[in-house]
Amino acid sequence: MVADYDVHEPEYSGTTTDEWSAPQKQDFDTDDLGEIADHFVMSESGFPPDAFTDLQLPVVEPDGDLNENALQTAHGGAHSVEAMDDVDDETVEDVQEILEELSQEAFNEDIGD
């Protein structure tokens, strides 16, 4: 079954190329799901989400830095939008376009094909 995900461009204040590990809810200094959602590209229940577990593809560290490794992880590979079984092709394309634009804008790097 295909889920109906909302997609948006996350907000960030800086950039990093540090090693990436997906954040958990307790990693954030707030319980405001609207603020937390700014770190993610997708949500199953919209923005702001109904629950933390609705959020998919984090690319911004809890401190606000866009992570280059997170962009690459979200774009392609085992933990990417392509690997998600319940995402339609159009949403995959939309997400990859956002990730490619962020990578180019923030790191001057191409992560697309």
# chains A, B, ... in the order shown; residues from 1 in each chain; ligands from 1
>>> select_by_dssp(residues="chain A", states="strand (DSSP E or B)", output="VMD selection string")
chain A and resid 6 to 7 14 to 16 40 to 43 55 to 58 60 65 to 67
>>> atom_distance(atom1="atom CA of A:Asp6", atom2="atom CA of A:Gln56")
10.0 Å
>>> closest_residue(among="A:Leu66, A:Val81, A:Val87, A:Ala37", to="A:Thr17", atoms="only C-alpha atoms")
A:Leu66
>>> residues_around(residues="A:Leu102", least_positions_apart="6", cutoff="9 Å", atoms="only C-alpha atoms", output="PyMOL selection string")
chain A and resi 9+66+71+108
>>> closest_residue(among="A:Ser45, A:Gln104, A:Gln24, A:Asn67", to="A:Tyr12", atoms="only C-alpha atoms")
A:Asn67
>>> select_by_dssp(residues="stretch 5-106 of chain A", states="alpha helix (DSSP H)", output="PyMOL selection string")
chain A and resi 33-37+68-75+89-106
>>> atom_distance(atom1="atom CA of A:Gly14", atom2="atom CA of A:Asp65")
4.4 Å
>>> residues_around(residues="A:Met42", least_positions_apart="5", cutoff="12 Å", atoms="only C-alpha atoms", output="CSV table (one decimal) with N, CA, C and O atoms, in the first residue's frame")
chain,number,residue,atom,x,y,z
A,3,ALA,N,1.6,5.1,0.9
A,3,ALA,CA,1.2,6.1,1.8
A,3,ALA,C,1.2,7.4,1.1
A,3,ALA,O,1.9,7.6,0.1
A,4,ASP,N,0.4,8.4,1.6
A,4,ASP,CA,0.4,9.7,1.1
A,4,ASP,C,1.2,10.6,1.9
A,4,ASP,O,0.8,11.2,2.9
A,5,TYR,N,2.5,10.8,1.5
A,5,TYR,CA,3.4,11.6,2.3
A,5,TYR,C,3.4,13.1,1.8
A,5,TYR,O,3.2,13.3,0.6
A,6,ASP,N,3.6,14.0,2.8
A,6,ASP,CA,3.8,15.4,2.4
A,6,ASP,C,5.3,15.6,2.4
A,6,ASP,O,6.0,15.0,3.2
A,7,VAL,N,5.7,16.4,1.5
A,7,VAL,CA,7.2,16.7,1.3
A,7,VAL,C,7.4,18.2,1.5
A,7,VAL,O,6.6,19.0,1.0
A,8,HIS,N,8.5,18.6,2.1
A,8,HIS,CA,8.8,20.0,2.2
A,8,HIS,C,10.4,20.1,2.3
A,8,HIS,O,11.1,19.2,2.6
A,9,GLU,N,10.8,21.3,2.0
A,9,GLU,CA,12.2,21.6,2.2
A,9,GLU,C,12.5,22.0,3.6
A,9,GLU,O,11.9,22.9,4.2
A,10,PRO,N,13.4,21.3,4.3
A,10,PRO,CA,13.7,21.5,5.7
A,10,PRO,C,14.4,22.9,5.9
A,10,PRO,O,15.0,23.4,4.9
A,36,ILE,N,10.5,20.4,15.2
A,36,ILE,CA,11.3,19.2,14.9
A,36,ILE,C,11.1,18.8,13.5
A,36,ILE,O,12.1,18.4,12.8
A,37,ALA,N,9.9,19.0,12.9
A,37,ALA,CA,9.6,18.6,11.5
A,37,ALA,C,10.5,19.4,10.6
A,37,ALA,O,10.7,18.9,9.4
A,47,PHE,N,2.7,18.6,7.7
A,47,PHE,CA,3.6,19.5,8.5
A,47,PHE,C,2.7,20.6,9.2
A,47,PHE,O,2.0,21.3,8.5
A,48,PRO,N,2.7,20.7,10.5
A,48,PRO,CA,3.4,19.8,11.4
A,48,PRO,C,2.8,18.4,11.5
A,48,PRO,O,1.6,18.3,11.2
A,49,PRO,N,3.6,17.5,11.9
A,49,PRO,CA,3.1,16.1,12.0
A,49,PRO,C,2.2,15.8,13.2
A,49,PRO,O,2.2,16.6,14.2
A,52,PHE,N,5.9,12.1,16.1
A,52,PHE,CA,7.3,12.1,15.7
A,52,PHE,C,7.5,11.0,14.7
A,52,PHE,O,8.3,11.1,13.7
A,53,THR,N,6.9,9.8,14.9
A,53,THR,CA,7.1,8.7,14.1
A,53,THR,C,6.5,8.8,12.7
A,53,THR,O,6.9,8.0,11.8
A,54,ASP,N,5.8,9.9,12.4
A,54,ASP,CA,5.3,10.2,11.1
A,54,ASP,C,6.4,10.8,10.2
A,54,ASP,O,6.3,10.8,9.0
A,55,LEU,N,7.4,11.3,10.8
A,55,LEU,CA,8.5,12.0,10.1
A,55,LEU,C,9.5,11.0,9.5
A,55,LEU,O,9.8,10.0,10.1
A,56,GLN,N,9.9,11.3,8.3
A,56,GLN,CA,10.8,10.5,7.6
A,56,GLN,C,11.9,11.3,6.9
A,56,GLN,O,11.7,12.5,6.6
A,57,LEU,N,13.1,10.7,6.8
A,57,LEU,CA,14.2,11.3,6.1
A,57,LEU,C,14.8,12.6,6.8
A,57,LEU,O,14.7,13.7,6.2
A,58,PRO,N,15.3,12.4,7.9
A,58,PRO,CA,16.0,13.6,8.6
A,58,PRO,C,17.2,14.0,7.8
A,58,PRO,O,18.0,13.1,7.4
A,59,VAL,N,17.5,15.2,7.6
A,59,VAL,CA,18.7,15.7,7.0
A,59,VAL,C,19.4,16.9,7.7
A,59,VAL,O,20.5,17.3,7.4
A,74,ALA,N,19.6,10.0,2.5
A,74,ALA,CA,18.2,10.1,2.1
A,74,ALA,C,18.0,10.0,0.6
A,74,ALA,O,16.9,9.5,0.2
A,80,SER,N,17.2,5.2,2.1
A,80,SER,CA,16.8,6.4,1.3
A,80,SER,C,15.3,6.3,0.9
A,80,SER,O,14.6,5.4,1.2
A,81,VAL,N,14.9,7.4,0.3
A,81,VAL,CA,13.5,7.5,-0.2
A,81,VAL,C,13.2,6.4,-1.2
A,81,VAL,O,12.1,5.8,-1.2
A,84,MET,N,12.1,3.0,0.5
A,84,MET,CA,10.9,3.0,1.2
A,84,MET,C,9.8,2.3,0.3
A,84,MET,O,9.6,2.8,-0.8
A,87,VAL,N,6.2,4.5,-0.9
A,87,VAL,CA,6.3,5.8,-1.5
A,87,VAL,C,6.1,5.7,-3.0
A,87,VAL,O,6.8,4.9,-3.7
A,91,THR,N,6.5,11.1,-5.6
A,91,THR,CA,7.0,11.5,-4.3
A,91,THR,C,8.5,11.3,-4.2
A,91,THR,O,9.3,12.2,-3.8
A,92,VAL,N,9.0,10.1,-4.7
A,92,VAL,CA,10.4,9.8,-4.7
A,92,VAL,C,11.2,10.9,-5.5
A,92,VAL,O,12.2,11.5,-5.1
A,94,ASP,N,10.1,14.0,-6.2
A,94,ASP,CA,10.0,15.3,-5.5
A,94,ASP,C,11.1,15.4,-4.4
A,94,ASP,O,11.8,16.4,-4.3
A,95,VAL,N,11.2,14.3,-3.6
A,95,VAL,CA,12.1,14.3,-2.5
A,95,VAL,C,13.6,14.4,-3.1
A,95,VAL,O,14.4,15.1,-2.6
A,96,GLN,N,13.9,13.6,-4.1
A,96,GLN,CA,15.2,13.6,-4.6
A,96,GLN,C,15.6,15.0,-5.2
A,96,GLN,O,16.7,15.4,-5.1
A,98,ILE,N,14.5,17.9,-4.1
A,98,ILE,CA,14.8,18.7,-2.9
A,98,ILE,C,16.2,18.4,-2.4
A,98,ILE,O,16.9,19.4,-2.1
A,99,LEU,N,16.5,17.2,-2.3
A,99,LEU,CA,17.8,16.8,-1.7
A,99,LEU,C,18.9,17.2,-2.6
A,99,LEU,O,20.0,17.7,-2.2
>>> closest_residue(among="A:Ala83, A:Asn69, A:Glu97, A:Asp88", to="A:Thr16", atoms="only C-alpha atoms")
A:Asn69
>>> atom_distance(atom1="atom CA of A:Ala106", atom2="atom CA of A:Gly77")
21.1 Å
>>> closest_residue(among="A:Ala78, A:Asp86, A:Thr15, A:Glu61", to="A:Ser103", atoms="only C-alpha atoms")
A:Thr15
>>> closest_residue(among="A:Asp27, A:Asp38, A:Glu68, A:Asp89", to="A:Glu101", atoms="only C-alpha atoms")
A:Glu68
